[in-house]
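Read through the structure below, which is laid out as structure tokens, and then see the notes.
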Amino acid sequence: MRPIYLDNNATTRADPAVVAAMLPYFSEQFGNASSAHAFGSEVAGAVKQARKSLQALLGSAFDHEIVFTSGGTESDNAAILSALDNQDRRDEIVTTAVEHPAILSLVEYLAASRGIKAHFVGVDSRGRLDIEAYRRALGPRTAIASVMWANNETGALFPVERLAVMAHEAGALFHTDAVQAVGKVPLDLKATAIDMLSLSGHKLHGPKGIGALYLRKGTKFNPLIRGGPQERRRRGGTENVPAIVGLGKAAELALTQMQDEQAGVRALRDRLEYGILKLGNCSVLGDADNRLPNTSNIAFEHLEGEAILHHLNRAGIAASLGSACASGSMEPSHVLRAMNVPMAALRGAIRFSLSRDNTIDDVVCVLNLLPEIIARLRASSPSWQERAHITANPSRSTELTS
């Protein structure tokens, strides 16, 4: 059986067309894009074309609004730090309790080291943002609001276009970490009030180590990495040309294939969910009606997600923990805790994230293997056995709760 990869929110396979586009820039066209000779000008033209391809995917008004970076984390850091530097007498950040660590770690560091006041807006049980709490958190001292476009664990989509307008009404900048959204949902940034947006190449079948920051024309910006004149002096350092070309090709493919591709991926995901839910005592976490078309986070009650993943991995199936444990601890995911997922399901969440590389055969194979895995784990789970005993003996439940 060929391996089945269902962890595409962690990273995607680089498309063969992306790899083919990159290869010449390691050897034949190896010049420095900043050089004045022919070797450099040929490469500079490829960088410019990649920038235009990404502009088209994002729907931005100008290609120079695209700043190439090393990835989503750098873009997130650059956006937030620049906003704080350029907003006089504004020393507060508004974000959410379910952001990626690239945002949360930075915000917590700034609060501890620079005295920045941070507001972490909560979500409901379906992972939907508390809009009124967000509105109340904005104020005259808010420098920037940063809200992800799509949650990496549940796929929940946030109304960032509306949130950007609300931030501007408070005089603040608005940034969105769109790492999971770019290439999966249509974007038209020129029709929004979004000031800055982060993305990462390896989430849309591009290479790792490359990303971009969308920076709306006219937005004041202080570079995170200073050096030469690259990227209009907004990000110093010699351009990673092969990766930039690869990201441009990935953007081109995403723009032309997105509608049909995501409809197919959604159908596969729904087939997978339908089959898994037949096992009973499991549920889809997040906003099932408003989420990424490729993402399914399913909680298996009274089971340990790590055990499920172990058996899936042994069968050649790659998925991930919905309740990803923090390094060195067994703390469940901050996203699921913010959603107040019941304790019985909190540690049994598995995220399946699909891509255009997946097929119906992958789904059928998982659905054939998973029932046996779940049955075996339930048979050895004390928590499951206790639940089964209580279900069979209702009077026992009364005794335990009295």
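A note on labels: chains of the structure tokens are A, B, ... as shown, every chain counts residues from 1, and ligands are counted from 1 in their shown order.
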
Quick one: contact table of stretch 178-260 of chain A to stretch 149-156 of chain A, 10 Å max, nearest atom pair and distance in Å to one decimal per residue, counting only C-alpha atoms, chain and number order, as JSON lines?
```
{"residue": "A:Ala178", "atom": "CA", "partner": "A:Trp149", "partner_atom": "CA", "distance": 5.0}
{"residue": "A:Val179", "atom": "CA", "partner": "A:Ala150", "partner_atom": "CA", "distance": 7.9}
{"residue": "A:Gln180", "atom": "CA", "partner": "A:Ala150", "partner_atom": "CA", "distance": 5.8}
{"residue": "A:Ala181", "atom": "CA", "partner": "A:Ala150", "partner_atom": "CA", "distance": 5.6}
{"residue": "A:Val182", "atom": "CA", "partner": "A:Trp149", "partner_atom": "CA", "distance": 9.0}
{"residue": "A:Lys184", "atom": "CA", "partner": "A:Ala150", "partner_atom": "CA", "distance": 9.9}
{"residue": "A:Val185", "atom": "CA", "partner": "A:Ala150", "partner_atom": "CA", "distance": 9.5}
{"residue": "A:Leu197", "atom": "CA", "partner": "A:Trp149", "partner_atom": "CA", "distance": 9.2}
{"residue": "A:Ser198", "atom": "CA", "partner": "A:Trp149", "partner_atom": "CA", "distance": 9.8}
```

Find the residues of stretch 128-186 of chain A that sit at most 7 Å from stretch 91-98 of chain A; for each, write down the nearest two atoms and how far apart they are in Å, to one decimal. Count only C-alpha atoms. Sort by chain, then by number going up, and give it as a tab-separated table.
```
residue	atom	partner	partner_atom	distance
A:Ala137	CA	A:Val94	CA	6.6
A:Leu138	CA	A:Val94	CA	6.8
A:Arg141	CA	A:Glu92	CA	5.7
A:Thr142	CA	A:Glu92	CA	4.5
A:Ala143	CA	A:Glu92	CA	5.6
A:Ile144	CA	A:Ile93	CA	5.4
A:Ala145	CA	A:Val94	CA	4.5
A:Ser146	CA	A:Thr95	CA	5.0
A:Val147	CA	A:Thr95	CA	5.6
```

Would you save the residues from that selection as a compact mmCIF listing (two decimals), in the first residue's frame, using all heavy atoms?
```
# COMPACT_ATOMS: atom_id res chain seq x y z
N ALA A 137 -12.33 45.24 22.44
CA ALA A 137 -10.88 45.24 22.67
C ALA A 137 -10.18 46.35 21.90
O ALA A 137 -9.13 46.85 22.31
CB ALA A 137 -10.30 43.88 22.27
N LEU A 138 -10.75 46.77 20.78
CA LEU A 138 -10.16 47.85 19.99
C LEU A 138 -10.34 49.18 20.71
O LEU A 138 -11.37 49.42 21.33
CB LEU A 138 -10.82 47.92 18.61
CG LEU A 138 -10.62 46.72 17.69
CD1 LEU A 138 -11.57 46.81 16.50
CD2 LEU A 138 -9.17 46.66 17.19
N ARG A 141 -5.59 53.10 21.90
CA ARG A 141 -4.20 52.69 22.06
C ARG A 141 -3.84 51.45 21.25
O ARG A 141 -2.72 50.95 21.31
CB ARG A 141 -3.88 52.47 23.54
CG ARG A 141 -4.09 53.71 24.42
CD ARG A 141 -3.48 53.52 25.79
NE ARG A 141 -2.03 53.48 25.74
CZ ARG A 141 -1.23 54.55 25.80
NH1 ARG A 141 -1.77 55.75 25.92
NH2 ARG A 141 0.07 54.43 25.76
N THR A 142 -4.79 50.94 20.45
CA THR A 142 -4.52 49.76 19.64
C THR A 142 -3.63 50.13 18.47
O THR A 142 -3.99 50.96 17.62
CB THR A 142 -5.83 49.14 19.09
OG1 THR A 142 -6.73 48.89 20.17
CG2 THR A 142 -5.54 47.84 18.37
N ALA A 143 -2.46 49.51 18.40
CA ALA A 143 -1.55 49.73 17.27
C ALA A 143 -1.92 48.83 16.10
O ALA A 143 -1.92 49.28 14.94
CB ALA A 143 -0.11 49.46 17.69
N ILE A 144 -2.24 47.58 16.40
CA ILE A 144 -2.53 46.63 15.34
C ILE A 144 -3.45 45.54 15.86
O ILE A 144 -3.37 45.13 17.02
CB ILE A 144 -1.23 46.00 14.78
CG1 ILE A 144 -1.53 45.10 13.57
CG2 ILE A 144 -0.46 45.25 15.85
CD1 ILE A 144 -0.29 44.66 12.81
N ALA A 145 -4.35 45.10 15.00
CA ALA A 145 -5.15 43.90 15.25
C ALA A 145 -4.66 42.84 14.28
O ALA A 145 -4.47 43.12 13.09
CB ALA A 145 -6.63 44.18 15.04
N SER A 146 -4.42 41.64 14.78
CA SER A 146 -3.94 40.55 13.95
C SER A 146 -4.84 39.34 14.16
O SER A 146 -4.89 38.78 15.26
CB SER A 146 -2.49 40.20 14.30
OG SER A 146 -2.01 39.14 13.50
N VAL A 147 -5.54 38.94 13.11
CA VAL A 147 -6.48 37.82 13.19
C VAL A 147 -6.24 36.91 12.00
O VAL A 147 -6.22 37.36 10.85
CB VAL A 147 -7.94 38.30 13.19
CG1 VAL A 147 -8.91 37.11 13.24
CG2 VAL A 147 -8.20 39.25 14.35
```

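Of note, atom CA of A:Thr295 and atom CA of A:Glu252 are spaced 22.5 Å apart.
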
If you run DSSP on the backbone here, which positions in stretch 90-233 of chain A get helix (DSSP H, G or I)? Please write them as a PDB file with N, CA, C and O atoms, in the first residue's frame.
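The result, written out as states_4.pdb:
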```
ATOM      1  N   PRO A 101       1.237  29.818  16.877  1.00  0.00           N
ATOM      2  CA  PRO A 101       2.321  30.276  17.762  1.00  0.00           C
ATOM      3  C   PRO A 101       3.203  31.368  17.167  1.00  0.00           C
ATOM      4  O   PRO A 101       3.840  32.120  17.913  1.00  0.00           O
ATOM      5  N   ALA A 102       3.263  31.467  15.850  1.00  0.00           N
ATOM      6  CA  ALA A 102       4.055  32.542  15.242  1.00  0.00           C
ATOM      7  C   ALA A 102       3.551  33.909  15.666  1.00  0.00           C
ATOM      8  O   ALA A 102       4.325  34.878  15.727  1.00  0.00           O
ATOM      9  N   ILE A 103       2.268  34.015  15.962  1.00  0.00           N
ATOM     10  CA  ILE A 103       1.690  35.253  16.481  1.00  0.00           C
ATOM     11  C   ILE A 103       1.706  35.255  18.002  1.00  0.00           C
ATOM     12  O   ILE A 103       2.188  36.197  18.648  1.00  0.00           O
ATOM     13  N   LEU A 104       1.168  34.209  18.603  1.00  0.00           N
ATOM     14  CA  LEU A 104       1.009  34.195  20.063  1.00  0.00           C
ATOM     15  C   LEU A 104       2.335  34.298  20.793  1.00  0.00           C
ATOM     16  O   LEU A 104       2.449  35.024  21.793  1.00  0.00           O
ATOM     17  N   SER A 105       3.363  33.592  20.320  1.00  0.00           N
ATOM     18  CA  SER A 105       4.659  33.645  20.996  1.00  0.00           C
ATOM     19  C   SER A 105       5.242  35.046  20.954  1.00  0.00           C
ATOM     20  O   SER A 105       5.811  35.536  21.945  1.00  0.00           O
ATOM     21  N   LEU A 106       5.115  35.707  19.810  1.00  0.00           N
ATOM     22  CA  LEU A 106       5.631  37.072  19.680  1.00  0.00           C
ATOM     23  C   LEU A 106       4.867  38.029  20.580  1.00  0.00           C
ATOM     24  O   LEU A 106       5.467  38.853  21.290  1.00  0.00           O
ATOM     25  N   VAL A 107       3.544  37.946  20.569  1.00  0.00           N
ATOM     26  CA  VAL A 107       2.727  38.856  21.378  1.00  0.00           C
ATOM     27  C   VAL A 107       3.018  38.665  22.861  1.00  0.00           C
ATOM     28  O   VAL A 107       3.152  39.644  23.619  1.00  0.00           O
ATOM     29  N   GLU A 108       3.132  37.427  23.295  1.00  0.00           N
ATOM     30  CA  GLU A 108       3.442  37.161  24.705  1.00  0.00           C
ATOM     31  C   GLU A 108       4.835  37.684  25.063  1.00  0.00           C
ATOM     32  O   GLU A 108       5.042  38.230  26.155  1.00  0.00           O
ATOM     33  N   TYR A 109       5.791  37.551  24.145  1.00  0.00           N
ATOM     34  CA  TYR A 109       7.134  38.083  24.383  1.00  0.00           C
ATOM     35  C   TYR A 109       7.102  39.607  24.498  1.00  0.00           C
ATOM     36  O   TYR A 109       7.731  40.188  25.401  1.00  0.00           O
ATOM     37  N   LEU A 110       6.368  40.263  23.611  1.00  0.00           N
ATOM     38  CA  LEU A 110       6.288  41.720  23.648  1.00  0.00           C
ATOM     39  C   LEU A 110       5.610  42.218  24.918  1.00  0.00           C
ATOM     40  O   LEU A 110       5.989  43.248  25.477  1.00  0.00           O
ATOM     41  N   ALA A 111       4.623  41.463  25.378  1.00  0.00           N
ATOM     42  CA  ALA A 111       3.952  41.848  26.622  1.00  0.00           C
ATOM     43  C   ALA A 111       4.908  41.758  27.794  1.00  0.00           C
ATOM     44  O   ALA A 111       4.915  42.623  28.688  1.00  0.00           O
ATOM     45  N   ALA A 112       5.743  40.711  27.800  1.00  0.00           N
ATOM     46  CA  ALA A 112       6.670  40.506  28.917  1.00  0.00           C
ATOM     47  C   ALA A 112       7.883  41.420  28.845  1.00  0.00           C
ATOM     48  O   ALA A 112       8.377  41.893  29.871  1.00  0.00           O
ATOM     49  N   SER A 113       8.377  41.710  27.643  1.00  0.00           N
ATOM     50  CA  SER A 113       9.641  42.437  27.505  1.00  0.00           C
ATOM     51  C   SER A 113       9.474  43.934  27.288  1.00  0.00           C
ATOM     52  O   SER A 113      10.338  44.727  27.671  1.00  0.00           O
ATOM     53  N   ARG A 114       8.363  44.337  26.659  1.00  0.00           N
ATOM     54  CA  ARG A 114       8.190  45.745  26.328  1.00  0.00           C
ATOM     55  C   ARG A 114       6.956  46.360  26.963  1.00  0.00           C
ATOM     56  O   ARG A 114       6.663  47.532  26.737  1.00  0.00           O
ATOM     57  N   ILE A 131     -17.212  38.474  17.991  1.00  0.00           N
ATOM     58  CA  ILE A 131     -17.070  39.756  17.296  1.00  0.00           C
ATOM     59  C   ILE A 131     -17.236  40.931  18.253  1.00  0.00           C
ATOM     60  O   ILE A 131     -16.509  41.932  18.167  1.00  0.00           O
ATOM     61  N   GLU A 132     -18.185  40.851  19.179  1.00  0.00           N
ATOM     62  CA  GLU A 132     -18.401  41.954  20.104  1.00  0.00           C
ATOM     63  C   GLU A 132     -17.218  42.123  21.046  1.00  0.00           C
ATOM     64  O   GLU A 132     -16.844  43.248  21.399  1.00  0.00           O
ATOM     65  N   ALA A 133     -16.629  41.019  21.469  1.00  0.00           N
ATOM     66  CA  ALA A 133     -15.429  41.104  22.313  1.00  0.00           C
ATOM     67  C   ALA A 133     -14.280  41.738  21.526  1.00  0.00           C
ATOM     68  O   ALA A 133     -13.484  42.511  22.074  1.00  0.00           O
ATOM     69  N   TYR A 134     -14.186  41.416  20.244  1.00  0.00           N
ATOM     70  CA  TYR A 134     -13.167  42.028  19.387  1.00  0.00           C
ATOM     71  C   TYR A 134     -13.400  43.533  19.299  1.00  0.00           C
ATOM     72  O   TYR A 134     -12.463  44.337  19.436  1.00  0.00           O
ATOM     73  N   ARG A 135     -14.648  43.924  19.100  1.00  0.00           N
ATOM     74  CA  ARG A 135     -14.973  45.347  19.015  1.00  0.00           C
ATOM     75  C   ARG A 135     -14.592  46.072  20.310  1.00  0.00           C
ATOM     76  O   ARG A 135     -14.036  47.174  20.281  1.00  0.00           O
ATOM     77  N   ARG A 136     -14.906  45.459  21.437  1.00  0.00           N
ATOM     78  CA  ARG A 136     -14.592  46.090  22.731  1.00  0.00           C
ATOM     79  C   ARG A 136     -13.088  46.181  22.976  1.00  0.00           C
ATOM     80  O   ARG A 136     -12.619  47.111  23.645  1.00  0.00           O
ATOM     81  N   ALA A 137     -12.329  45.245  22.442  1.00  0.00           N
ATOM     82  CA  ALA A 137     -10.876  45.237  22.667  1.00  0.00           C
ATOM     83  C   ALA A 137     -10.177  46.350  21.897  1.00  0.00           C
ATOM     84  O   ALA A 137      -9.126  46.846  22.314  1.00  0.00           O
ATOM     85  N   VAL A 160     -12.255  38.316   8.158  1.00  0.00           N
ATOM     86  CA  VAL A 160     -11.169  39.288   8.282  1.00  0.00           C
ATOM     87  C   VAL A 160     -11.451  40.591   7.545  1.00  0.00           C
ATOM     88  O   VAL A 160     -10.982  41.658   7.958  1.00  0.00           O
ATOM     89  N   GLU A 161     -12.205  40.514   6.448  1.00  0.00           N
ATOM     90  CA  GLU A 161     -12.525  41.770   5.743  1.00  0.00           C
ATOM     91  C   GLU A 161     -13.307  42.709   6.666  1.00  0.00           C
ATOM     92  O   GLU A 161     -13.014  43.912   6.735  1.00  0.00           O
ATOM     93  N   ARG A 162     -14.281  42.178   7.376  1.00  0.00           N
ATOM     94  CA  ARG A 162     -15.074  42.980   8.319  1.00  0.00           C
ATOM     95  C   ARG A 162     -14.214  43.432   9.496  1.00  0.00           C
ATOM     96  O   ARG A 162     -14.310  44.584   9.942  1.00  0.00           O
ATOM     97  N   LEU A 163     -13.372  42.546   9.982  1.00  0.00           N
ATOM     98  CA  LEU A 163     -12.527  42.881  11.133  1.00  0.00           C
ATOM     99  C   LEU A 163     -11.537  43.983  10.791  1.00  0.00           C
ATOM    100  O   LEU A 163     -11.199  44.813  11.646  1.00  0.00           O
ATOM    101  N   ALA A 164     -11.064  44.010   9.544  1.00  0.00           N
ATOM    102  CA  ALA A 164     -10.128  45.060   9.124  1.00  0.00           C
ATOM    103  C   ALA A 164     -10.802  46.428   9.152  1.00  0.00           C
ATOM    104  O   ALA A 164     -10.206  47.423   9.593  1.00  0.00           O
ATOM    105  N   VAL A 165     -12.035  46.492   8.698  1.00  0.00           N
ATOM    106  CA  VAL A 165     -12.774  47.757   8.729  1.00  0.00           C
ATOM    107  C   VAL A 165     -12.945  48.226  10.164  1.00  0.00           C
ATOM    108  O   VAL A 165     -12.761  49.418  10.476  1.00  0.00           O
ATOM    109  N   MET A 166     -13.267  47.317  11.064  1.00  0.00           N
ATOM    110  CA  MET A 166     -13.445  47.673  12.467  1.00  0.00           C
ATOM    111  C   MET A 166     -12.142  48.180  13.072  1.00  0.00           C
ATOM    112  O   MET A 166     -12.142  49.132  13.870  1.00  0.00           O
ATOM    113  N   ALA A 167     -11.026  47.568  12.709  1.00  0.00           N
ATOM    114  CA  ALA A 167      -9.732  48.031  13.208  1.00  0.00           C
ATOM    115  C   ALA A 167      -9.434  49.444  12.732  1.00  0.00           C
ATOM    116  O   ALA A 167      -8.974  50.300  13.501  1.00  0.00           O
ATOM    117  N   HIS A 168      -9.721  49.712  11.472  1.00  0.00           N
ATOM    118  CA  HIS A 168      -9.474  51.046  10.929  1.00  0.00           C
ATOM    119  C   HIS A 168     -10.352  52.092  11.608  1.00  0.00           C
ATOM    120  O   HIS A 168      -9.922  53.243  11.808  1.00  0.00           O
ATOM    121  N   GLU A 169     -11.568  51.721  11.954  1.00  0.00           N
ATOM    122  CA  GLU A 169     -12.442  52.664  12.652  1.00  0.00           C
ATOM    123  C   GLU A 169     -11.867  53.075  13.993  1.00  0.00           C
ATOM    124  O   GLU A 169     -12.163  54.160  14.509  1.00  0.00           O
ATOM    125  N   LEU A 189      -7.520  41.218  -2.303  1.00  0.00           N
ATOM    126  CA  LEU A 189      -7.082  42.158  -1.263  1.00  0.00           C
ATOM    127  C   LEU A 189      -7.354  43.604  -1.623  1.00  0.00           C
ATOM    128  O   LEU A 189      -7.591  44.426  -0.736  1.00  0.00           O
ATOM    129  N   LYS A 190      -7.331  43.929  -2.895  1.00  0.00           N
ATOM    130  CA  LYS A 190      -7.563  45.330  -3.263  1.00  0.00           C
ATOM    131  C   LYS A 190      -8.976  45.782  -2.922  1.00  0.00           C
ATOM    132  O   LYS A 190      -9.249  46.981  -2.818  1.00  0.00           O
ATOM    133  N   ALA A 191      -9.886  44.837  -2.706  1.00  0.00           N
ATOM    134  CA  ALA A 191     -11.265  45.177  -2.346  1.00  0.00           C
ATOM    135  C   ALA A 191     -11.488  45.148  -0.844  1.00  0.00           C
ATOM    136  O   ALA A 191     -12.624  45.265  -0.378  1.00  0.00           O
ATOM    137  N   GLY A 201       5.031  29.535   1.375  1.00  0.00           N
ATOM    138  CA  GLY A 201       5.018  28.760   0.146  1.00  0.00           C
ATOM    139  C   GLY A 201       4.704  27.291   0.312  1.00  0.00           C
ATOM    140  O   GLY A 201       4.009  26.696  -0.521  1.00  0.00           O
ATOM    141  N   HIS A 202       5.188  26.683   1.378  1.00  0.00           N
ATOM    142  CA  HIS A 202       5.048  25.230   1.482  1.00  0.00           C
ATOM    143  C   HIS A 202       3.643  24.787   1.882  1.00  0.00           C
ATOM    144  O   HIS A 202       3.371  23.583   1.941  1.00  0.00           O
ATOM    145  N   LYS A 203       2.745  25.736   2.117  1.00  0.00           N
ATOM    146  CA  LYS A 203       1.353  25.387   2.395  1.00  0.00           C
ATOM    147  C   LYS A 203       0.518  25.299   1.126  1.00  0.00           C
ATOM    148  O   LYS A 203      -0.632  24.860   1.170  1.00  0.00           O
ATOM    149  N   GLN A 230      17.534  45.161  -1.445  1.00  0.00           N
ATOM    150  CA  GLN A 230      16.560  44.190  -1.941  1.00  0.00           C
ATOM    151  C   GLN A 230      15.151  44.496  -1.411  1.00  0.00           C
ATOM    152  O   GLN A 230      14.985  45.074  -0.354  1.00  0.00           O
ATOM    153  N   GLU A 231      14.161  44.065  -2.196  1.00  0.00           N
ATOM    154  CA  GLU A 231      12.755  44.228  -1.812  1.00  0.00           C
ATOM    155  C   GLU A 231      12.423  45.680  -1.450  1.00  0.00           C
ATOM    156  O   GLU A 231      11.732  45.958  -0.478  1.00  0.00           O
ATOM    157  N   ARG A 232      12.977  46.596  -2.234  1.00  0.00           N
ATOM    158  CA  ARG A 232      12.754  48.038  -2.003  1.00  0.00           C
ATOM    159  C   ARG A 232      13.153  48.441  -0.579  1.00  0.00           C
ATOM    160  O   ARG A 232      12.508  49.259   0.060  1.00  0.00           O
ATOM    161  N   ARG A 233      14.218  47.838  -0.105  1.00  0.00           N
ATOM    162  CA  ARG A 233      14.773  48.063   1.234  1.00  0.00           C
ATOM    163  C   ARG A 233      13.814  47.657   2.360  1.00  0.00           C
ATOM    164  O   ARG A 233      13.929  48.124   3.489  1.00  0.00           O
TER     165      ARG A 233
END
```

Find the residues near A:Glu28: any atom within 12 Å, counting only C-alpha atoms, skip ones fewer than 4 places away on the same chain, and give them as a VMD selection string.
-> chain A and resid 22 to 24 39 to 40 42 to 43 242

For the selection just defined, write its residues with N, CA and C atoms to a file, as an mmCIF file, in the first residue's frame.
```cif
data_model
loop_
_atom_site.group_PDB
_atom_site.id
_atom_site.type_symbol
_atom_site.label_atom_id
_atom_site.label_comp_id
_atom_site.auth_asym_id
_atom_site.auth_seq_id
_atom_site.Cartn_x
_atom_site.Cartn_y
_atom_site.Cartn_z
ATOM 1 N N MET A 22 11.954 25.591 -10.601
ATOM 2 C CA MET A 22 13.045 26.023 -9.740
ATOM 3 C C MET A 22 14.415 25.563 -10.221
ATOM 4 N N LEU A 23 14.502 24.379 -10.805
ATOM 5 C CA LEU A 23 15.793 23.739 -11.060
ATOM 6 C C LEU A 23 16.790 24.593 -11.847
ATOM 7 N N PRO A 24 16.391 25.282 -12.911
ATOM 8 C CA PRO A 24 17.391 26.069 -13.657
ATOM 9 C C PRO A 24 18.067 27.153 -12.825
ATOM 10 N N PHE A 39 23.617 38.006 -16.356
ATOM 11 C CA PHE A 39 23.280 36.920 -15.436
ATOM 12 C C PHE A 39 22.269 37.392 -14.386
ATOM 13 N N GLY A 40 22.494 38.614 -13.898
ATOM 14 C CA GLY A 40 21.597 39.153 -12.883
ATOM 15 C C GLY A 40 20.261 39.593 -13.434
ATOM 16 N N GLU A 42 18.556 38.507 -16.026
ATOM 17 C CA GLU A 42 17.689 37.375 -16.337
ATOM 18 C C GLU A 42 16.990 36.865 -15.075
ATOM 19 N N VAL A 43 17.765 36.777 -14.011
ATOM 20 C CA VAL A 43 17.218 36.298 -12.741
ATOM 21 C C VAL A 43 16.240 37.314 -12.164
ATOM 22 N N PRO A 242 15.623 30.574 -6.436
ATOM 23 C CA PRO A 242 14.904 29.332 -6.760
ATOM 24 C C PRO A 242 13.588 29.204 -5.998
#
```

Residues near A:Ser283, anyone? I mean within 9 Å using only C-alpha atoms, not counting same-chain ones fewer than 2 positions away, as a PDB file with N, CA, C and O atoms, in the first residue's frame.
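Listed below is the output, selection-v1.pdb:
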```pdb
ATOM      1  N   ILE A 276     -16.238   8.291   8.890  1.00  0.00           N
ATOM      2  CA  ILE A 276     -15.703   8.237  10.251  1.00  0.00           C
ATOM      3  C   ILE A 276     -16.807   8.426  11.277  1.00  0.00           C
ATOM      4  O   ILE A 276     -16.853   7.731  12.305  1.00  0.00           O
ATOM      5  N   LEU A 277     -17.713   9.342  11.019  1.00  0.00           N
ATOM      6  CA  LEU A 277     -18.774   9.616  11.984  1.00  0.00           C
ATOM      7  C   LEU A 277     -19.699   8.412  12.191  1.00  0.00           C
ATOM      8  O   LEU A 277     -20.372   8.321  13.224  1.00  0.00           O
ATOM      9  N   GLY A 280     -19.482   6.391  15.482  1.00  0.00           N
ATOM     10  CA  GLY A 280     -20.160   6.818  16.703  1.00  0.00           C
ATOM     11  C   GLY A 280     -19.206   7.367  17.741  1.00  0.00           C
ATOM     12  O   GLY A 280     -18.006   7.089  17.729  1.00  0.00           O
ATOM     13  N   ASN A 281     -19.744   8.143  18.657  1.00  0.00           N
ATOM     14  CA  ASN A 281     -18.975   8.747  19.750  1.00  0.00           C
ATOM     15  C   ASN A 281     -17.753   9.504  19.249  1.00  0.00           C
ATOM     16  O   ASN A 281     -16.669   9.454  19.836  1.00  0.00           O
ATOM     17  N   LEU A 285     -14.999  18.916  15.013  1.00  0.00           N
ATOM     18  CA  LEU A 285     -14.745  20.120  15.799  1.00  0.00           C
ATOM     19  C   LEU A 285     -14.633  21.322  14.864  1.00  0.00           C
ATOM     20  O   LEU A 285     -14.067  21.223  13.779  1.00  0.00           O
ATOM     21  N   ASN A 297     -11.292  18.173  11.572  1.00  0.00           N
ATOM     22  CA  ASN A 297     -10.752  17.872  12.903  1.00  0.00           C
ATOM     23  C   ASN A 297     -11.819  17.064  13.641  1.00  0.00           C
ATOM     24  O   ASN A 297     -12.897  17.576  13.939  1.00  0.00           O
ATOM     25  N   ILE A 298     -11.530  15.811  13.905  1.00  0.00           N
ATOM     26  CA  ILE A 298     -12.518  14.900  14.479  1.00  0.00           C
ATOM     27  C   ILE A 298     -12.046  14.425  15.849  1.00  0.00           C
ATOM     28  O   ILE A 298     -10.918  13.950  16.000  1.00  0.00           O
ATOM     29  N   ALA A 299     -12.913  14.587  16.835  1.00  0.00           N
ATOM     30  CA  ALA A 299     -12.594  14.181  18.210  1.00  0.00           C
ATOM     31  C   ALA A 299     -13.242  12.833  18.510  1.00  0.00           C
ATOM     32  O   ALA A 299     -14.451  12.668  18.347  1.00  0.00           O
ATOM     33  N   PHE A 300     -12.419  11.880  18.944  1.00  0.00           N
ATOM     34  CA  PHE A 300     -12.875  10.557  19.341  1.00  0.00           C
ATOM     35  C   PHE A 300     -12.963  10.533  20.862  1.00  0.00           C
ATOM     36  O   PHE A 300     -11.948  10.655  21.557  1.00  0.00           O
ATOM     37  N   GLU A 301     -14.167  10.369  21.382  1.00  0.00           N
ATOM     38  CA  GLU A 301     -14.384  10.462  22.825  1.00  0.00           C
ATOM     39  C   GLU A 301     -13.711   9.313  23.568  1.00  0.00           C
ATOM     40  O   GLU A 301     -13.726   8.164  23.117  1.00  0.00           O
ATOM     41  N   ALA A 345     -13.395  14.514  25.031  1.00  0.00           N
ATOM     42  CA  ALA A 345     -12.988  14.533  23.627  1.00  0.00           C
ATOM     43  C   ALA A 345     -11.695  15.300  23.393  1.00  0.00           C
ATOM     44  O   ALA A 345     -11.102  15.194  22.317  1.00  0.00           O
TER      45      ALA A 345
END
```

In stretch 260-336 of chain A, DSSP strand (DSSP E) residues written as number ranges by chain | A: 282-285, 295-300, 317-318, 320-321

Non-local contacts of stretch 370-374 of chain A (9 Å; only C-alpha atoms; under 2 positions in same chain excluded) as a list in words = Ile276, Leu279, Phe300, Leu303, Ile308, His311, Leu312, Cys365, Val366, Leu367, Asn368, Arg376, Leu377, Arg378 and Ala379 of chain A

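Ranking A:Pro207, A:Pro140, A:Val123, A:Ala254 by their shortest atom-to-atom distance to A:Ala20, with only C-alpha atoms included, puts A:Pro207 first.
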
For the atom pair atom CA of A:Gly218 and atom CA of A:Leu81, what is the interatomic distance in Å to one decimal place?
-> 17.0 Å

Mind checking which residues fall within 9 Å of A:Leu6, counting only C-alpha atoms, ignoring those fewer than 2 positions away in the same chain, and posting them as a VMD selection string?
-> chain A and resid 4 8 to 9 317 to 320 351 to 355 358 362

Computed gap from atom CA of A:Leu336 to atom CA of A:Thr391 is 26.1 Å

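Counting only C-alpha atoms and comparing A:Arg216, A:Arg266, A:His37, A:Arg347, the residue that lies closest to A:Gln55 is A:Arg216.
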